[in-house]
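With CSV, C-alpha atoms inside, this is query.csv:
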chain,number,residue,atom,x,y,z
G,1235,MET,CA,0.0,0.0,0.0
G,1236,SER,CA,1.5,3.4,-1.0
G,1237,LEU,CA,0.8,6.7,0.6
G,1238,LYS,CA,-2.4,8.7,0.2
G,1239,SER,CA,-2.7,12.3,1.2
G,1240,SER,CA,-5.8,14.6,1.4
G,1241,ALA,CA,-5.7,18.2,2.5
G,1242,ARG,CA,-8.3,20.2,4.5
G,1243,GLN,CA,-8.3,23.6,6.1
G,1244,VAL,CA,-9.1,24.1,9.8
G,1245,ASP,CA,-8.8,27.7,11.2
G,1246,GLY,CA,-6.2,28.7,8.7
G,1247,ILE,CA,-4.1,25.5,9.2
G,1248,THR,CA,-3.6,23.0,6.4
G,1249,VAL,CA,-4.2,19.6,7.8
G,1250,LEU,CA,-2.8,16.8,5.7
G,1251,ASP,CA,-4.4,13.4,6.4
G,1252,LEU,CA,-1.9,10.8,5.4
G,1253,SER,CA,-2.5,7.0,5.1
G,1254,GLY,CA,-0.3,4.1,4.1
G,1255,ARG,CA,3.4,3.8,4.0
G,1256,ILE,CA,6.1,6.5,3.8
G,1257,THR,CA,9.0,4.5,2.4
G,1258,LEU,CA,11.7,4.8,-0.3
G,1259,GLY,CA,10.0,5.3,-3.6
G,1260,GLU,CA,6.4,6.3,-4.1
G,1261,GLY,CA,5.5,7.0,-0.5
G,1262,SER,CA,8.4,9.5,0.0
G,1263,VAL,CA,7.7,11.1,-3.3
G,1264,VAL,CA,4.0,11.6,-2.5
G,1265,LEU,CA,4.9,13.4,0.8
G,1266,ARG,CA,7.6,15.5,-0.9
G,1267,ASP,CA,5.2,16.6,-3.7
G,1268,THR,CA,2.4,17.3,-1.3
G,1269,ILE,CA,4.5,19.5,0.9
G,1270,ARG,CA,5.9,21.3,-2.1
G,1271,GLU,CA,2.4,21.9,-3.5
G,1272,VAL,CA,1.1,23.2,-0.2
G,1273,LEU,CA,4.0,25.6,0.3
G,1274,GLY,CA,3.6,26.7,-3.3
G,1275,LYS,CA,0.1,27.9,-2.4
G,1276,GLY,CA,1.5,30.0,0.4
G,1277,GLU,CA,0.2,27.7,3.1
G,1278,LYS,CA,2.9,27.6,5.7
G,1279,LYS,CA,1.1,26.2,8.8
G,1280,ILE,CA,0.9,22.5,8.3
G,1281,LEU,CA,-0.4,19.7,10.5
G,1282,LEU,CA,0.6,16.2,9.3
G,1283,ASN,CA,-1.9,13.7,10.6
G,1284,LEU,CA,0.0,10.4,10.7
G,1285,GLY,CA,-2.8,8.4,12.4
G,1286,ASP,CA,-3.2,6.1,9.4
G,1287,VAL,CA,0.4,5.8,8.5
G,1288,THR,CA,1.2,2.2,9.1
G,1289,TYR,CA,4.9,2.2,8.4
G,1290,ILE,CA,7.8,4.6,7.9
G,1291,ASP,CA,11.4,3.5,6.9
G,1292,SER,CA,14.5,5.6,7.2
G,1293,SER,CA,13.8,7.2,3.8
G,1294,GLY,CA,10.4,8.2,5.1
G,1295,ILE,CA,12.0,9.7,8.3
G,1296,GLY,CA,14.3,11.6,6.0
G,1297,GLU,CA,11.3,12.9,4.1
G,1298,LEU,CA,9.6,14.1,7.3
G,1299,VAL,CA,12.8,15.9,8.3
G,1300,SER,CA,13.0,17.4,4.8
G,1301,ALA,CA,9.4,18.6,5.1
G,1302,PHE,CA,10.1,20.1,8.5
G,1303,THR,CA,13.2,22.0,7.3
G,1304,ALA,CA,11.4,23.2,4.1
G,1305,VAL,CA,8.5,24.6,6.0
G,1306,ARG,CA,10.7,26.2,8.6
G,1307,LYS,CA,12.8,27.8,5.8
G,1308,GLU,CA,9.7,29.4,4.5
G,1309,GLY,CA,9.0,30.8,7.9
G,1310,GLY,CA,6.2,28.4,8.6
G,1311,GLU,CA,5.4,25.7,11.1
G,1312,LEU,CA,5.0,21.9,10.6
G,1313,LYS,CA,3.6,19.7,13.4
G,1314,LEU,CA,2.8,16.0,13.7
G,1315,LEU,CA,-0.5,14.6,14.9
G,1316,ASN,CA,-1.7,11.1,16.0
G,1317,LEU,CA,1.5,9.1,15.8
G,1318,THR,CA,1.0,5.3,16.0
G,1319,LYS,CA,3.2,3.5,18.6
G,1320,LYS,CA,5.5,2.3,15.8
G,1321,VAL,CA,6.1,5.8,14.5
G,1322,HIS,CA,6.3,7.2,18.0
G,1323,ASP,CA,9.0,4.7,18.9
G,1324,LEU,CA,10.9,5.4,15.7
G,1325,LEU,CA,11.0,9.1,16.4
G,1326,GLN,CA,12.1,8.4,20.0
G,1327,ILE,CA,14.9,6.1,18.9
G,1328,THR,CA,16.2,8.6,16.3
G,1329,LYS,CA,15.9,11.5,18.8
G,1330,LEU,CA,13.6,13.3,16.4
G,1331,TYR,CA,10.8,13.4,19.0
G,1332,THR,CA,12.7,16.4,20.4
G,1333,VAL,CA,12.8,18.1,17.0
G,1334,PHE,CA,9.2,17.7,15.9
G,1335,ASP,CA,6.3,19.3,17.7
G,1336,VAL,CA,4.1,16.2,18.3
G,1337,LYS,CA,0.4,16.4,19.2
G,1338,ASP,CA,-2.2,13.8,20.2
G,1339,ASP,CA,-5.3,15.9,19.8
G,1340,GLU,CA,-6.3,17.8,16.6
G,1341,ALA,CA,-8.1,20.7,18.4
G,1342,SER,CA,-5.2,21.5,20.7
G,1343,ALA,CA,-2.8,21.0,17.8
G,1344,ILE,CA,-4.7,23.6,15.7
G,1345,SER,CA,-4.7,26.1,18.5
G,1346,SER,CA,-1.0,25.6,19.2
G,1347,PHE,CA,0.0,27.2,15.9
G,1348,THR,CA,1.2,30.8,16.0
G,1349,LYS,CA,-1.6,33.2,15.1
W,347,MET,CA,16.9,-28.3,12.2
W,348,ALA,CA,17.8,-25.2,10.1
W,349,THR,CA,15.9,-24.3,7.0
W,350,ARG,CA,17.7,-22.1,4.4
W,351,VAL,CA,16.5,-20.5,1.3
W,352,ALA,CA,18.4,-18.0,-0.9
W,353,TYR,CA,17.6,-15.7,-3.8
W,354,THR,CA,19.5,-13.7,-6.3
W,355,LEU,CA,17.7,-10.5,-7.3
W,356,ASP,CA,17.9,-7.5,-9.5
W,357,SER,CA,18.9,-4.1,-7.9
W,358,THR,CA,15.4,-2.7,-7.9
W,359,LEU,CA,12.8,-1.4,-5.4
W,360,ASP,CA,10.6,-4.4,-6.4
W,361,SER,CA,13.4,-6.6,-5.0
W,362,VAL,CA,13.4,-4.6,-1.8
W,363,ASN,CA,9.7,-5.1,-1.3
W,364,MET,CA,10.0,-8.8,-2.1
W,365,VAL,CA,12.9,-9.2,0.4
W,366,GLU,CA,10.9,-7.5,3.1
W,367,GLN,CA,7.7,-9.5,2.4
W,368,THR,CA,9.6,-12.8,2.5
W,369,ALA,CA,11.1,-11.9,5.8
W,370,GLU,CA,7.7,-11.0,7.1
W,371,GLN,CA,6.2,-14.3,6.0
W,372,LEU,CA,9.1,-16.3,7.6
W,373,ALA,CA,8.9,-14.3,10.8
W,374,ILE,CA,5.2,-14.9,11.1
W,375,LYS,CA,5.6,-18.6,10.4
W,376,ALA,CA,8.4,-18.7,13.1
W,377,GLY,CA,6.0,-17.2,15.6
W,378,PHE,CA,7.7,-13.8,16.3
W,379,SER,CA,5.7,-11.2,18.3
W,380,GLU,CA,4.0,-8.3,16.5
W,381,GLU,CA,6.7,-6.0,17.8
W,382,ASP,CA,9.5,-8.2,16.7
W,383,LEU,CA,7.9,-8.6,13.3
W,384,HIS,CA,8.0,-4.9,12.8
W,385,LYS,CA,11.7,-4.7,13.9
W,386,ILE,CA,12.6,-7.6,11.6
W,387,THR,CA,10.8,-6.3,8.5
W,388,MET,CA,12.1,-2.8,8.9
W,389,SER,CA,15.7,-3.9,9.5
W,390,VAL,CA,15.5,-6.2,6.5
W,391,ARG,CA,14.1,-3.4,4.3
W,392,GLU,CA,16.8,-1.0,5.4
W,393,ALA,CA,19.5,-3.6,4.6
W,394,ALA,CA,18.0,-4.3,1.2
W,395,VAL,CA,17.7,-0.6,0.4
W,396,ASN,CA,21.3,-0.2,1.3
W,397,ALA,CA,22.3,-3.0,-1.0
W,398,VAL,CA,20.2,-1.9,-3.9
W,399,LEU,CA,20.6,1.9,-3.5
W,400,HIS,CA,23.9,2.6,-1.8
W,401,GLY,CA,25.7,-0.6,-2.8
W,402,ASN,CA,24.7,-1.5,-6.3
W,403,ALA,CA,23.3,2.0,-7.1
W,404,TYR,CA,20.4,0.4,-9.1
W,405,ASP,CA,23.0,-1.0,-11.6
W,406,PRO,CA,21.1,-3.5,-13.7
W,407,GLY,CA,24.4,-5.4,-14.2
W,408,LYS,CA,24.7,-6.0,-10.4
W,409,LYS,CA,22.7,-8.4,-8.3
W,410,ILE,CA,21.9,-8.7,-4.6
W,411,THR,CA,21.7,-12.0,-2.9
W,412,VAL,CA,19.5,-12.7,0.1
W,413,ALA,CA,19.6,-15.8,2.3
W,414,TYR,CA,17.1,-16.6,5.0
W,415,GLU,CA,17.9,-19.2,7.7
W,416,THR,CA,15.4,-20.3,10.3
W,417,THR,CA,16.0,-22.5,13.3
W,418,GLN,CA,13.7,-23.3,16.1
W,419,ASP,CA,14.2,-19.9,17.8
W,420,THR,CA,16.2,-17.8,15.4
W,421,LEU,CA,15.7,-16.0,12.1
W,422,ALA,CA,18.9,-14.9,10.2
W,423,ILE,CA,18.9,-12.9,7.1
W,424,THR,CA,22.1,-12.3,5.0
W,425,ILE,CA,22.0,-9.7,2.3
W,426,SER,CA,25.0,-9.0,0.0
W,427,ASP,CA,25.6,-6.6,-2.9
W,428,GLU,CA,28.3,-6.0,-5.5
W,429,GLY,CA,28.9,-2.4,-4.8
W,430,LYS,CA,31.8,-0.3,-3.7
W,431,GLY,CA,31.8,-1.5,-0.1
W,432,LEU,CA,30.8,0.0,3.2
W,433,ASP,CA,33.1,0.7,6.1
W,434,PRO,CA,30.8,0.8,9.1
W,435,GLY,CA,33.4,2.6,11.1
W,436,THR,CA,33.0,5.7,9.0
W,437,LEU,CA,29.3,6.1,9.4
W,438,PRO,CA,28.3,9.4,11.1
W,439,ASP,CA,26.3,9.2,14.4
W,440,PRO,CA,22.7,10.0,13.4
W,441,LEU,CA,22.0,11.0,17.0
W,442,ALA,CA,24.7,13.7,17.1
W,443,GLU,CA,23.2,17.2,17.4
W,444,GLU,CA,24.7,18.2,14.0
W,445,ASN,CA,23.2,15.2,12.3
W,446,LEU,CA,19.7,15.2,13.7
W,447,LEU,CA,18.2,17.2,10.7
W,448,LYS,CA,20.0,15.2,8.0
W,449,THR,CA,17.7,13.4,5.6
W,450,SER,CA,19.7,10.2,5.5
W,451,GLY,CA,22.1,8.1,7.4
W,452,ARG,CA,19.8,6.3,9.9
W,453,GLY,CA,19.5,2.9,8.2
W,454,ILE,CA,22.4,1.0,9.9
W,455,PHE,CA,21.6,2.7,13.2
W,456,LEU,CA,18.0,1.4,13.1
W,457,ILE,CA,19.1,-2.1,12.1
W,458,ARG,CA,21.5,-2.2,15.1
W,459,SER,CA,18.7,-0.9,17.3
W,460,PHE,CA,16.2,-3.5,16.2
W,461,MET,CA,18.2,-6.7,15.7
W,462,ASP,CA,20.0,-8.9,18.2
W,463,GLU,CA,23.1,-9.5,16.2
W,464,VAL,CA,24.4,-7.5,13.2
W,465,LYS,CA,27.6,-8.5,11.3
W,466,ILE,CA,28.9,-6.4,8.4
W,467,ARG,CA,31.6,-7.8,6.2
W,468,GLU,CA,33.4,-6.3,3.2
W,469,LEU,CA,33.4,-8.6,0.2
W,470,HIS,CA,35.8,-6.8,-2.2
W,471,PRO,CA,33.7,-5.9,-4.1
W,472,GLY,CA,30.5,-5.4,-2.2
W,473,THR,CA,29.2,-5.7,1.3
W,474,GLU,CA,27.5,-8.5,3.2
W,475,ILE,CA,25.3,-7.8,6.2
W,476,LYS,CA,23.9,-10.5,8.4
W,477,LEU,CA,20.9,-9.8,10.7
W,478,VAL,CA,19.9,-12.2,13.5
W,479,LYS,CA,16.8,-12.1,15.6
W,480,HIS,CA,16.2,-14.6,18.4
W,481,MET,CA,12.7,-15.5,19.5
W,482,SER,CA,13.3,-14.5,23.1
W,483,ALA,CA,16.0,-11.9,23.0
W,484,PRO,CA,17.9,-11.6,26.3
W,485,GLU,CA,18.5,-7.9,25.8
W,486,THR,CA,17.5,-5.0,23.5
W,487,GLY,CA,19.8,-3.8,20.8
W,488,ALA,CA,22.5,-5.4,18.6
W,489,LYS,CA,25.7,-6.7,20.0
W,490,GLU,CA,28.7,-5.2,18.4
W,491,GLN,CA,30.4,-7.6,16.1

Please rewrite the model in this file as structure tokens.
Amino acid sequence: MSLKSSARQVDGITVLDLSGRITLGEGSVVLRDTIREVLGKGEKKILLNLGDVTYIDSSGIGELVSAFTAVRKEGGELKLLNLTKKVHDLLQITKLYTVFDVKDDEASAISSFTK
Amino acid sequence: MATRVAYTLDSTLDSVNMVEQTAEQLAIKAGFSEEDLHKITMSVREAAVNAVLHGNAYDPGKKITVAYETTQDTLAITISDEGKGLDPGTLPDPLAEENLLKTSGRGIFLIRSFMDEVKIRELHPGTEIKLVKHMSAPETGAKEQ
């Protein structure tokens, strides 16, 4: 199963609901293209909902880091929502949990963005 | 009694997926826990990606070989490529502050975190990596080999 992405707007925040696998190849490319498209539209506050992401490999981790730095470079914010235990553990092991702003609840995640 | 099966595969992403799926099937058959299953499949995927991408660089003239060996309480996967070789001593620490935001360089680290034993051998040319997972691991993390 490859990665699927759908975007919605909540209070000026772009929420990207992702489902599937973020792995080397198609999954990573879908994430990269999605972030590029969103930034291209001038939307710089992005919440990545990873609740239905079943698997991320090291390439996928790299793509998340790349998205984070790309958004930050544009002066925006990128946060992560609804990590599965597997993804949570992966970010802990790689110390990226300290880099990303990770949220468990969409409403509080939305309100945490800089107004 | 040990069971061994080996494949020679093209340097493609399809091969990576096949190597991962075969490892998953064998790990399920062997009775590994859900958590170990994820650690095994992810490690095998990372090793296969290294062989195909960093080792053979998708060269259609170069192959990867994969051998799976199962015993009553152990699954061992050996993956080799025909690439330029890998010196594990030169790999940067992905947990170092200056490397945290790098977009690559975490594969071997994850493999070592998830498997019980990891052996990397230079083949001149190429690299061989052997991953071992025991059914009831006495401790977490790979022993240095």

Q.
For a quick check of understanding, using only C-alpha atoms, which of W:Phe378, W:Val478, W:Leu469, W:Leu399 has the smallest distance to chain G?
A. W:Leu399

Using all atoms listed in the file, find each residue of chain G with at least one atom at most 10 Å away from an atom of chain W; report its shortest atom-to-atom pair and that distance in Å (one decimal), sort the rows by chain and rising residue number, and return the result as a tab-separated table.
residue	atom	partner	partner_atom	distance
G:Thr1257	CA	W:Arg391	CA	9.6
G:Leu1258	CA	W:Val395	CA	8.1
G:Gly1259	CA	W:Leu359	CA	7.5
G:Tyr1289	CA	W:Met388	CA	8.8
G:Ile1290	CA	W:Met388	CA	8.6
G:Asp1291	CA	W:Met388	CA	6.6
G:Ser1292	CA	W:Gly453	CA	5.8
G:Ser1293	CA	W:Ser450	CA	6.8
G:Gly1294	CA	W:Thr449	CA	9.0
G:Ile1295	CA	W:Thr449	CA	7.3
G:Gly1296	CA	W:Thr449	CA	3.9
G:Glu1297	CA	W:Thr449	CA	6.6
G:Leu1298	CA	W:Thr449	CA	8.3
G:Val1299	CA	W:Leu447	CA	6.1
G:Ser1300	CA	W:Thr449	CA	6.2
G:Ala1301	CA	W:Thr449	CA	9.8
G:Phe1302	CA	W:Leu447	CA	8.9
G:Thr1303	CA	W:Leu447	CA	7.7
G:Lys1320	CA	W:His384	CA	8.2
G:Leu1324	CA	W:Leu456	CA	8.6
G:Ile1327	CA	W:Leu456	CA	8.1
G:Thr1328	CA	W:Leu441	CA	6.3
G:Lys1329	CA	W:Leu441	CA	6.4
G:Leu1330	CA	W:Leu446	CA	6.9
G:Thr1332	CA	W:Leu446	CA	9.8
G:Val1333	CA	W:Leu446	CA	8.2

Generate the output file for the selected residues, C-alpha atoms, as a PDB file, in the coordinates of the input.
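This went into part13.pdb:
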ATOM      1  CA  THR G1257       9.000   4.500   2.400  1.00  0.00           C
ATOM      2  CA  LEU G1258      11.700   4.800  -0.300  1.00  0.00           C
ATOM      3  CA  GLY G1259      10.000   5.300  -3.600  1.00  0.00           C
ATOM      4  CA  TYR G1289       4.900   2.200   8.400  1.00  0.00           C
ATOM      5  CA  ILE G1290       7.800   4.600   7.900  1.00  0.00           C
ATOM      6  CA  ASP G1291      11.400   3.500   6.900  1.00  0.00           C
ATOM      7  CA  SER G1292      14.500   5.600   7.200  1.00  0.00           C
ATOM      8  CA  SER G1293      13.800   7.200   3.800  1.00  0.00           C
ATOM      9  CA  GLY G1294      10.400   8.200   5.100  1.00  0.00           C
ATOM     10  CA  ILE G1295      12.000   9.700   8.300  1.00  0.00           C
ATOM     11  CA  GLY G1296      14.300  11.600   6.000  1.00  0.00           C
ATOM     12  CA  GLU G1297      11.300  12.900   4.100  1.00  0.00           C
ATOM     13  CA  LEU G1298       9.600  14.100   7.300  1.00  0.00           C
ATOM     14  CA  VAL G1299      12.800  15.900   8.300  1.00  0.00           C
ATOM     15  CA  SER G1300      13.000  17.400   4.800  1.00  0.00           C
ATOM     16  CA  ALA G1301       9.400  18.600   5.100  1.00  0.00           C
ATOM     17  CA  PHE G1302      10.100  20.100   8.500  1.00  0.00           C
ATOM     18  CA  THR G1303      13.200  22.000   7.300  1.00  0.00           C
ATOM     19  CA  LYS G1320       5.500   2.300  15.800  1.00  0.00           C
ATOM     20  CA  LEU G1324      10.900   5.400  15.700  1.00  0.00           C
ATOM     21  CA  ILE G1327      14.900   6.100  18.900  1.00  0.00           C
ATOM     22  CA  THR G1328      16.200   8.600  16.300  1.00  0.00           C
ATOM     23  CA  LYS G1329      15.900  11.500  18.800  1.00  0.00           C
ATOM     24  CA  LEU G1330      13.600  13.300  16.400  1.00  0.00           C
ATOM     25  CA  THR G1332      12.700  16.400  20.400  1.00  0.00           C
ATOM     26  CA  VAL G1333      12.800  18.100  17.000  1.00  0.00           C
TER      27      VAL G1333
END

Q) Quick one: residues within 12 Å of Gln418 (chain W), only C-alpha atoms counted, chain neighbours fewer than 3 positions away excluded, as an MDAnalysis selection string? A) chainID W and resid 347:349 372:373 375:378 415 421:422 479:482

(Q) As an exercise, work out the distance from CA of Gly435 (chain W) to CA of Ile466 (chain W) in Å and give it to one decimal place. (A)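 Calculated distance between CA of Gly435 (chain W) and CA of Ile466 (chain W) is 10.4 Å.
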
Q: Enter the distance from CA of Ser1262 (chain G) to CA of Leu1237 (chain G), in Å, rounded to one decimal.
A: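 Result for CA of Ser1262 (chain G) versus CA of Leu1237 (chain G): 8.1 Å, one decimal.
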
Q) What does the distance between CA of Ile1247 (chain G) and CA of Ile1344 (chain G) come to in Å, to one decimal place? A)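 These atoms are spaced 6.8 Å apart.
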
Taking (7.4, 21.2, 7.4) as a centre in this file's frame and 10 Å as the limit, can you find every polymer residue with an atom that close, using only C-alpha atoms, and give them as a JSON list (two decimals) with C-alpha atoms, keeping the file's coordinate frame?
[["chain", "number", "residue", "atom", "x", "y", "z"],
["G", 1269, "ILE", "CA", 4.50, 19.50, 0.90],
["G", 1270, "ARG", "CA", 5.90, 21.30, -2.10],
["G", 1273, "LEU", "CA", 4.00, 25.60, 0.30],
["G", 1278, "LYS", "CA", 2.90, 27.60, 5.70],
["G", 1279, "LYS", "CA", 1.10, 26.20, 8.80],
["G", 1280, "ILE", "CA", 0.90, 22.50, 8.30],
["G", 1281, "LEU", "CA", -0.40, 19.70, 10.50],
["G", 1282, "LEU", "CA", 0.60, 16.20, 9.30],
["G", 1297, "GLU", "CA", 11.30, 12.90, 4.10],
["G", 1298, "LEU", "CA", 9.60, 14.10, 7.30],
["G", 1299, "VAL", "CA", 12.80, 15.90, 8.30],
["G", 1300, "SER", "CA", 13.00, 17.40, 4.80],
["G", 1301, "ALA", "CA", 9.40, 18.60, 5.10],
["G", 1302, "PHE", "CA", 10.10, 20.10, 8.50],
["G", 1303, "THR", "CA", 13.20, 22.00, 7.30],
["G", 1304, "ALA", "CA", 11.40, 23.20, 4.10],
["G", 1305, "VAL", "CA", 8.50, 24.60, 6.00],
["G", 1306, "ARG", "CA", 10.70, 26.20, 8.60],
["G", 1307, "LYS", "CA", 12.80, 27.80, 5.80],
["G", 1308, "GLU", "CA", 9.70, 29.40, 4.50],
["G", 1309, "GLY", "CA", 9.00, 30.80, 7.90],
["G", 1310, "GLY", "CA", 6.20, 28.40, 8.60],
["G", 1311, "GLU", "CA", 5.40, 25.70, 11.10],
["G", 1312, "LEU", "CA", 5.00, 21.90, 10.60],
["G", 1313, "LYS", "CA", 3.60, 19.70, 13.40],
["G", 1314, "LEU", "CA", 2.80, 16.00, 13.70],
["G", 1334, "PHE", "CA", 9.20, 17.70, 15.90]]

Q | Spatial neighbours of region 410-414 of chain W, 10 Å, all atoms listed in the file, chain gap at least 6 places, as a VMD selection string | A | chain W and resid 349 to 358 361 to 362 365 368 to 369 372 390 394 397 to 398 401 to 402 421 to 429 472 to 478

Q | Using only C-alpha atoms: which of W:Lys409, W:Glu468, W:Asn363, W:Arg458 has the shortest distance to Gly431 (chain W) | A | W:Glu468

Q: Determine the nearest neighbour of Ser1253 (chain G) from the options G:Arg1266, G:Lys1275, G:Lys1349, G:Lys1238, counting all atoms listed in the file.
A: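 Ranking G:Arg1266, G:Lys1275, G:Lys1349, G:Lys1238 by distance to Ser1253 (chain G), first place goes to G:Lys1238.
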
Take the structure in the block and write a file for region 1255-1306 of chain G, C-alpha atoms, as a PDB file, in the first residue's frame.
ATOM      1  CA  ARG G1255       3.436   3.780   4.035  1.00  0.00           C
ATOM      2  CA  ILE G1256       6.108   6.480   3.844  1.00  0.00           C
ATOM      3  CA  THR G1257       8.963   4.486   2.389  1.00  0.00           C
ATOM      4  CA  LEU G1258      11.660   4.840  -0.253  1.00  0.00           C
ATOM      5  CA  GLY G1259      10.016   5.337  -3.628  1.00  0.00           C
ATOM      6  CA  GLU G1260       6.387   6.256  -4.110  1.00  0.00           C
ATOM      7  CA  GLY G1261       5.515   7.009  -0.480  1.00  0.00           C
ATOM      8  CA  SER G1262       8.357   9.468   0.012  1.00  0.00           C
ATOM      9  CA  VAL G1263       7.654  11.109  -3.334  1.00  0.00           C
ATOM     10  CA  VAL G1264       3.968  11.620  -2.487  1.00  0.00           C
ATOM     11  CA  LEU G1265       4.902  13.352   0.776  1.00  0.00           C
ATOM     12  CA  ARG G1266       7.565  15.504  -0.898  1.00  0.00           C
ATOM     13  CA  ASP G1267       5.200  16.585  -3.720  1.00  0.00           C
ATOM     14  CA  THR G1268       2.367  17.278  -1.286  1.00  0.00           C
ATOM     15  CA  ILE G1269       4.494  19.537   0.910  1.00  0.00           C
ATOM     16  CA  ARG G1270       5.887  21.314  -2.142  1.00  0.00           C
ATOM     17  CA  GLU G1271       2.365  21.905  -3.479  1.00  0.00           C
ATOM     18  CA  VAL G1272       1.060  23.210  -0.153  1.00  0.00           C
ATOM     19  CA  LEU G1273       4.026  25.554   0.301  1.00  0.00           C
ATOM     20  CA  GLY G1274       3.616  26.669  -3.309  1.00  0.00           C
ATOM     21  CA  LYS G1275       0.114  27.882  -2.448  1.00  0.00           C
ATOM     22  CA  GLY G1276       1.545  29.961   0.366  1.00  0.00           C
ATOM     23  CA  GLU G1277       0.165  27.685   3.096  1.00  0.00           C
ATOM     24  CA  LYS G1278       2.901  27.574   5.698  1.00  0.00           C
ATOM     25  CA  LYS G1279       1.131  26.193   8.759  1.00  0.00           C
ATOM     26  CA  ILE G1280       0.892  22.471   8.272  1.00  0.00           C
ATOM     27  CA  LEU G1281      -0.363  19.703  10.518  1.00  0.00           C
ATOM     28  CA  LEU G1282       0.581  16.220   9.342  1.00  0.00           C
ATOM     29  CA  ASN G1283      -1.948  13.685  10.568  1.00  0.00           C
ATOM     30  CA  LEU G1284      -0.037  10.387  10.681  1.00  0.00           C
ATOM     31  CA  GLY G1285      -2.797   8.405  12.401  1.00  0.00           C
ATOM     32  CA  ASP G1286      -3.245   6.074   9.433  1.00  0.00           C
ATOM     33  CA  VAL G1287       0.421   5.819   8.504  1.00  0.00           C
ATOM     34  CA  THR G1288       1.247   2.190   9.134  1.00  0.00           C
ATOM     35  CA  TYR G1289       4.939   2.187   8.353  1.00  0.00           C
ATOM     36  CA  ILE G1290       7.843   4.601   7.926  1.00  0.00           C
ATOM     37  CA  ASP G1291      11.354   3.544   6.918  1.00  0.00           C
ATOM     38  CA  SER G1292      14.548   5.598   7.207  1.00  0.00           C
ATOM     39  CA  SER G1293      13.835   7.212   3.847  1.00  0.00           C
ATOM     40  CA  GLY G1294      10.412   8.229   5.144  1.00  0.00           C
ATOM     41  CA  ILE G1295      11.999   9.653   8.286  1.00  0.00           C
ATOM     42  CA  GLY G1296      14.326  11.629   6.030  1.00  0.00           C
ATOM     43  CA  GLU G1297      11.335  12.922   4.087  1.00  0.00           C
ATOM     44  CA  LEU G1298       9.642  14.089   7.306  1.00  0.00           C
ATOM     45  CA  VAL G1299      12.843  15.915   8.285  1.00  0.00           C
ATOM     46  CA  SER G1300      13.036  17.410   4.804  1.00  0.00           C
ATOM     47  CA  ALA G1301       9.421  18.615   5.081  1.00  0.00           C
ATOM     48  CA  PHE G1302      10.133  20.094   8.507  1.00  0.00           C
ATOM     49  CA  THR G1303      13.165  22.047   7.313  1.00  0.00           C
ATOM     50  CA  ALA G1304      11.445  23.154   4.058  1.00  0.00           C
ATOM     51  CA  VAL G1305       8.482  24.588   5.980  1.00  0.00           C
ATOM     52  CA  ARG G1306      10.719  26.224   8.569  1.00  0.00           C
TER      53      ARG G1306
END
